[in-house]
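Just below is one structure, and these are the notes that go with it.
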Amino acid sequence: MSECTHDCSSCGESCGDRTSPQSFIEPLNPQSKVKKVIGIVSGKGGVGKSMITGMLATLFSRKGYKAAVMDADITGPSIPKMFGIDGRARGTEEGIIPAISRNEIKIMSVNLLLENPMDPVVWRGPVIAGVVKQFWTDVIWGDVDYMFVDMPPGTGDVPLTVFQSIPLDGIIIVSTPQDLVAMIVNKAVGMAHLMNIPIVGVVENMSYVECPDCGKKIFLYGDSHIDAVCEEKDIPLLGRIPINPDVTHNCDMGLIEDFTGDFLDLAVKAIEDIK
């Protein structure tokens with residue numbers, strides 16, 4: 001062991017003099033102030049994380065909060081299209097200027113940096129992780145009450161980078177009714193516990209279809225097991241979102257801010273209650 005300098009921030013040794021664990025949290029852009037950061041996660045892709053991220057940002061904007069979305073799903077960015085944002089982000093000597101939606105939600109995504117948004121992002125993990133860090137350190141977010149981070153699926157390198165680099169106040173886990181995804185929820189819960197990130201709750205997407213004539217709920221994937229999973233893990237179920245062609249149409253047309261429905265009201269309240 002080399003001679004101790006008493007600077008634990010630059011030392012990897014585990015010794016009796018260490019007074020606090022090493023932090024990997026990156027500094028926020030100096031021209032920004034973000035009060036709460038909520039990650040939207042899942043252990044699996046294709047469950048609707050981006051849609052729920054856009055809905056939550058929209059609901060908080062409607063309530064008068066200053067909302068923002070960081071699209072951390074670098075290889076599968078969909079947030080700009082969902083909000084109807086075209087073009088590229090602008091940069092200054094001080095940092096990157098995020099795009100602004102119709103309802104003044106601030107948006108940052110790798111698609112706003114590409115010359116052609118349809119080009120694939122074929123980058124290795126460390127490069128992708130570096131871009132996510134830059135979205136926190138180099139983007140001039142200004143004043144933000146609630147930032148929602150659309151996380152990449154799984155429990156690999158990039159989600160780990162977000163958990164370690166950005167001071168998350170909590171996460172929302174997105175699931176679907178199938179047994180397989182219930183297993184994936186357990187993985188997301190396990191990762192959050194390992195990283196000491198609070199779990200706000202679970203939202204189940206694609207829960208059912210509602211008959212337009214009689215209002216009957218049709219459960220396409222059979223009985224959901226999410227209640228049992230939430231009870232076992234002692235985390236709240238914050239909403240069930242139906243398969244709704246109107247919401248899908250809004251996402252495809254860049255009109256996510258026009259969606260209607262009260263199925264995320266519990267999630268909004270739970271996020272507002274975070275101290």
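Ordering of the structure tokens sets the chain letters (A, B, ...); residue numbers start at 1 within each chain; ligands are numbered from 1 in the order shown.
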Would you mind listing what lies within 6 Å of range 35-50 of chain A as a PyMOL selection string, with only C-alpha atoms counted and same-chain residues fewer than 5 positions away left out? chain A and resi 145-151+153-154+168-174+184+188
Rounded to one decimal, what separation in Å do you get between CA of Arg124 in chain A and CA of Pro30 in chain A?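 Between CA of Arg124 in chain A and CA of Pro30 in chain A the gap is 28.5 Å.
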Distance in Å - CA of Asp138 in chain A versus CA of Pro98 in chain A: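 Computed distance, CA of Asp138 in chain A to CA of Pro98 in chain A, equals 10.3 Å.
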In terms of the shortest atom-to-atom distance over only C-alpha atoms, which of A:Asp71, A:Asp273, A:Asp246, A:Glu115 is closest to Ala99 in chain A?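 Once distances to Ala99 in chain A are computed over only C-alpha atoms, the minimum belongs to A:Asp71.
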Give the strand (DSSP E or B) residues of range 99-217 of chain A, as DSSP finds them on the backbone, and put them as a PyMOL selection string. chain A and resi 99-100+106-108+139+143-150+170-175+199-204+209-210+217
May I have the residues from that selection written out with C-alpha atoms, as a compact mmCIF listing (two decimals), in the first residue's frame?
# COMPACT_ATOMS: atom_id res chain seq x y z
CA ALA A 99 -34.96 21.06 -27.54
CA ILE A 100 -38.27 22.42 -26.26
CA LYS A 106 -37.04 20.22 -22.27
CA ILE A 107 -35.76 17.27 -24.32
CA MET A 108 -32.28 15.85 -24.89
CA VAL A 139 -26.56 20.15 -21.35
CA ASP A 143 -34.36 25.28 -13.90
CA VAL A 144 -36.12 21.91 -13.84
CA ASP A 145 -38.55 20.66 -11.19
CA TYR A 146 -38.75 17.06 -12.45
CA MET A 147 -36.43 15.34 -14.90
CA PHE A 148 -37.48 11.95 -16.26
CA VAL A 149 -34.71 9.68 -17.56
CA ASP A 150 -35.76 7.17 -20.22
CA GLY A 170 -36.20 7.17 -7.44
CA ILE A 171 -37.16 4.83 -10.26
CA ILE A 172 -40.41 3.67 -11.82
CA ILE A 173 -40.26 0.08 -13.06
CA VAL A 174 -42.31 -0.72 -16.18
CA SER A 175 -43.73 -4.19 -16.65
CA ILE A 199 -38.08 2.31 -5.99
CA VAL A 200 -41.14 4.53 -6.35
CA GLY A 201 -43.27 1.70 -7.70
CA VAL A 202 -44.31 -0.37 -10.71
CA VAL A 203 -46.47 0.55 -13.69
CA GLU A 204 -47.94 -2.27 -15.76
CA VAL A 209 -57.97 -3.70 -24.04
CA GLU A 210 -61.22 -1.90 -23.32
CA LYS A 217 -61.84 -5.12 -20.16
Between A:Ile97, A:Val158, A:Met82, A:Met206, which is the closest to Gly222 in chain A once you count only C-alpha atoms?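 Closest to Gly222 in chain A, using only C-alpha atoms: A:Met206.
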For Lys233 in chain A, which residue out of A:Pro126, A:Pro177, A:Gly190, A:Gly91 is the nearest one, using only C-alpha atoms? A:Gly190
Please tabulate, as a tab-separated table, the residues of range 109-210 of chain A that come within 8 Å of range 24-29 of chain A, each with its closest pair of atoms and the distance in Å to one decimal, counting only C-alpha atoms and ordering rows by chain, then residue number upward.
residue	atom	partner	partner_atom	distance
A:Lys133	CA	A:Glu26	CA	7.1
A:Trp136	CA	A:Leu28	CA	5.7
A:Thr137	CA	A:Asn29	CA	4.6
A:Asp138	CA	A:Asn29	CA	5.6
A:Val139	CA	A:Asn29	CA	6.4
A:Ile140	CA	A:Asn29	CA	6.2
A:Trp141	CA	A:Asn29	CA	7.7
A:Gln164	CA	A:Phe24	CA	5.7
A:Ser165	CA	A:Ile25	CA	4.1
A:Ile166	CA	A:Ile25	CA	5.6
A:Pro167	CA	A:Ile25	CA	6.5
List the neighbours of range 110-114 of chain A out to 9 Å using only C-alpha atoms; skip same-chain residues closer than 2 positions along the sequence, and give me the result as a compact mmCIF listing (two decimals) with all heavy atoms, in the first residue's frame.
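This went into selection.txt:
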# COMPACT_ATOMS: atom_id res chain seq x y z
N ASP A 71 -33.20 11.37 -22.70
CA ASP A 71 -33.33 10.10 -23.40
C ASP A 71 -32.00 9.36 -23.30
O ASP A 71 -31.10 9.55 -24.11
CB ASP A 71 -33.70 10.37 -24.86
CG ASP A 71 -34.07 9.10 -25.62
OD1 ASP A 71 -33.92 8.00 -25.03
OD2 ASP A 71 -34.49 9.20 -26.79
N ALA A 72 -31.88 8.50 -22.30
CA ALA A 72 -30.64 7.75 -22.08
C ALA A 72 -30.61 6.43 -22.84
O ALA A 72 -29.63 5.69 -22.74
CB ALA A 72 -30.45 7.49 -20.58
N ASP A 73 -31.67 6.15 -23.60
CA ASP A 73 -31.68 4.95 -24.44
C ASP A 73 -30.97 5.30 -25.75
O ASP A 73 -31.60 5.54 -26.78
CB ASP A 73 -33.12 4.49 -24.67
CG ASP A 73 -33.20 3.09 -25.26
OD1 ASP A 73 -32.13 2.52 -25.58
OD2 ASP A 73 -34.32 2.58 -25.42
N ILE A 74 -29.66 5.34 -25.71
CA ILE A 74 -28.85 5.90 -26.79
C ILE A 74 -29.01 5.12 -28.09
O ILE A 74 -29.06 5.71 -29.18
CB ILE A 74 -27.36 5.95 -26.38
CG1 ILE A 74 -27.19 6.75 -25.08
CG2 ILE A 74 -26.52 6.54 -27.50
CD1 ILE A 74 -27.62 8.20 -25.18
N THR A 75 -29.08 3.80 -28.02
CA THR A 75 -29.16 3.01 -29.25
C THR A 75 -30.60 2.84 -29.75
O THR A 75 -30.81 2.35 -30.87
CB THR A 75 -28.54 1.62 -29.05
OG1 THR A 75 -29.22 0.94 -27.99
CG2 THR A 75 -27.06 1.75 -28.71
N PRO A 77 -33.28 5.57 -29.44
CA PRO A 77 -33.94 6.82 -29.03
C PRO A 77 -35.27 7.04 -29.74
O PRO A 77 -35.34 6.96 -30.96
CB PRO A 77 -32.91 7.89 -29.44
CG PRO A 77 -32.19 7.28 -30.60
CD PRO A 77 -32.12 5.81 -30.32
N SER A 78 -36.31 7.31 -28.97
CA SER A 78 -37.63 7.53 -29.56
C SER A 78 -38.33 8.77 -29.01
O SER A 78 -39.40 9.14 -29.48
CB SER A 78 -38.53 6.30 -29.34
OG SER A 78 -38.62 6.01 -27.96
N ILE A 79 -37.74 9.41 -28.01
CA ILE A 79 -38.39 10.54 -27.35
C ILE A 79 -38.64 11.72 -28.31
O ILE A 79 -39.74 12.28 -28.32
CB ILE A 79 -37.57 10.99 -26.13
CG1 ILE A 79 -37.63 9.92 -25.02
CG2 ILE A 79 -38.09 12.33 -25.60
CD1 ILE A 79 -39.00 9.69 -24.42
N PRO A 80 -37.66 12.15 -29.13
CA PRO A 80 -37.93 13.29 -30.01
C PRO A 80 -39.12 13.06 -30.94
O PRO A 80 -39.96 13.95 -31.11
CB PRO A 80 -36.62 13.45 -30.79
CG PRO A 80 -35.58 12.91 -29.89
CD PRO A 80 -36.25 11.74 -29.20
N ILE A 85 -40.49 16.48 -32.29
CA ILE A 85 -39.35 17.38 -32.39
C ILE A 85 -38.45 16.95 -33.54
O ILE A 85 -37.97 15.81 -33.58
CB ILE A 85 -38.55 17.41 -31.07
CG1 ILE A 85 -39.42 18.00 -29.96
CG2 ILE A 85 -37.27 18.21 -31.23
CD1 ILE A 85 -38.78 17.94 -28.60
N ASP A 86 -38.23 17.86 -34.49
CA ASP A 86 -37.33 17.63 -35.60
C ASP A 86 -36.09 18.52 -35.45
O ASP A 86 -36.04 19.38 -34.58
CB ASP A 86 -38.02 17.95 -36.93
CG ASP A 86 -39.22 17.04 -37.18
OD1 ASP A 86 -39.09 15.82 -36.94
OD2 ASP A 86 -40.28 17.55 -37.60
N GLY A 87 -35.14 18.32 -36.32
CA GLY A 87 -33.96 19.19 -36.30
C GLY A 87 -32.93 18.71 -35.31
O GLY A 87 -33.00 17.60 -34.77
N ARG A 88 -31.95 19.57 -35.05
CA ARG A 88 -30.82 19.20 -34.21
C ARG A 88 -30.68 20.17 -33.04
O ARG A 88 -31.11 21.33 -33.11
CB ARG A 88 -29.54 19.17 -35.02
CG ARG A 88 -29.61 18.22 -36.22
CD ARG A 88 -28.36 18.28 -37.06
NE ARG A 88 -27.20 17.74 -36.37
CZ ARG A 88 -25.96 17.77 -36.87
NH1 ARG A 88 -25.74 18.33 -38.05
NH2 ARG A 88 -24.95 17.27 -36.19
N ALA A 89 -30.08 19.69 -31.97
CA ALA A 89 -29.83 20.54 -30.81
C ALA A 89 -28.73 21.55 -31.14
O ALA A 89 -27.86 21.30 -31.97
CB ALA A 89 -29.42 19.69 -29.61
N ARG A 90 -28.79 22.69 -30.48
CA ARG A 90 -27.79 23.74 -30.68
C ARG A 90 -26.75 23.69 -29.55
O ARG A 90 -27.06 23.28 -28.43
CB ARG A 90 -28.44 25.12 -30.70
CG ARG A 90 -29.39 25.35 -31.85
CD ARG A 90 -29.90 26.79 -31.85
NE ARG A 90 -30.65 27.11 -30.65
CZ ARG A 90 -30.22 27.94 -29.70
NH1 ARG A 90 -29.01 28.50 -29.80
NH2 ARG A 90 -30.96 28.20 -28.64
N PRO A 98 -31.00 22.15 -24.90
CA PRO A 98 -32.00 21.10 -25.19
C PRO A 98 -33.11 21.63 -26.08
O PRO A 98 -33.35 22.83 -26.15
CB PRO A 98 -32.53 20.73 -23.80
CG PRO A 98 -32.30 21.97 -22.97
CD PRO A 98 -31.06 22.60 -23.50
N ALA A 99 -33.77 20.70 -26.75
CA ALA A 99 -34.96 21.06 -27.54
C ALA A 99 -36.13 21.32 -26.58
O ALA A 99 -36.13 20.85 -25.44
CB ALA A 99 -35.31 19.94 -28.51
N MET A 108 -33.62 16.12 -24.35
CA MET A 108 -32.28 15.85 -24.89
C MET A 108 -32.18 14.40 -25.27
O MET A 108 -32.53 13.50 -24.48
CB MET A 108 -31.21 16.18 -23.85
CG MET A 108 -29.80 16.19 -24.44
SD MET A 108 -29.62 17.46 -25.69
CE MET A 108 -28.88 16.51 -27.01
N ASN A 116 -28.51 12.58 -39.43
CA ASN A 116 -29.71 11.89 -39.91
C ASN A 116 -30.27 11.04 -38.77
O ASN A 116 -29.64 10.07 -38.36
CB ASN A 116 -29.38 11.00 -41.11
CG ASN A 116 -30.60 10.26 -41.65
OD1 ASN A 116 -31.72 10.43 -41.17
ND2 ASN A 116 -30.39 9.40 -42.63
N PRO A 117 -31.44 11.39 -38.23
CA PRO A 117 -32.00 10.65 -37.09
C PRO A 117 -32.24 9.17 -37.37
O PRO A 117 -32.38 8.38 -36.43
CB PRO A 117 -33.33 11.37 -36.81
CG PRO A 117 -33.16 12.72 -37.41
CD PRO A 117 -32.29 12.53 -38.61
N MET A 118 -32.29 8.79 -38.65
CA MET A 118 -32.52 7.38 -38.99
C MET A 118 -31.24 6.56 -38.95
O MET A 118 -31.29 5.33 -39.03
CB MET A 118 -33.15 7.28 -40.38
CG MET A 118 -34.51 7.97 -40.51
SD MET A 118 -35.75 7.28 -39.38
CE MET A 118 -35.99 5.67 -40.12
N ASP A 119 -30.08 7.21 -38.83
CA ASP A 119 -28.82 6.48 -38.79
C ASP A 119 -28.73 5.66 -37.50
O ASP A 119 -29.10 6.13 -36.43
CB ASP A 119 -27.63 7.45 -38.84
CG ASP A 119 -27.45 8.06 -40.21
OD1 ASP A 119 -28.03 7.53 -41.17
OD2 ASP A 119 -26.74 9.08 -40.32
N VAL A 121 -27.06 3.96 -34.23
CA VAL A 121 -25.98 4.32 -33.31
C VAL A 121 -25.20 3.04 -33.00
O VAL A 121 -25.60 2.24 -32.16
CB VAL A 121 -26.55 4.94 -32.02
CG1 VAL A 121 -25.42 5.28 -31.05
CG2 VAL A 121 -27.36 6.20 -32.34
N VAL A 131 -21.71 9.41 -23.40
CA VAL A 131 -22.74 10.33 -23.91
C VAL A 131 -23.80 10.59 -22.84
O VAL A 131 -24.24 11.72 -22.64
CB VAL A 131 -23.38 9.77 -25.19
CG1 VAL A 131 -24.59 10.60 -25.61
CG2 VAL A 131 -22.36 9.73 -26.32
Excluding Leu56 in chain A and residues on its chain fewer than 6 positions from it, collect all residues at most 9 Å away from it, counting only C-alpha atoms, and give them as a list of chain:residue names.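 Residues meeting the cut-off are A:Phe148, A:Leu264, A:Ala267, A:Val268.
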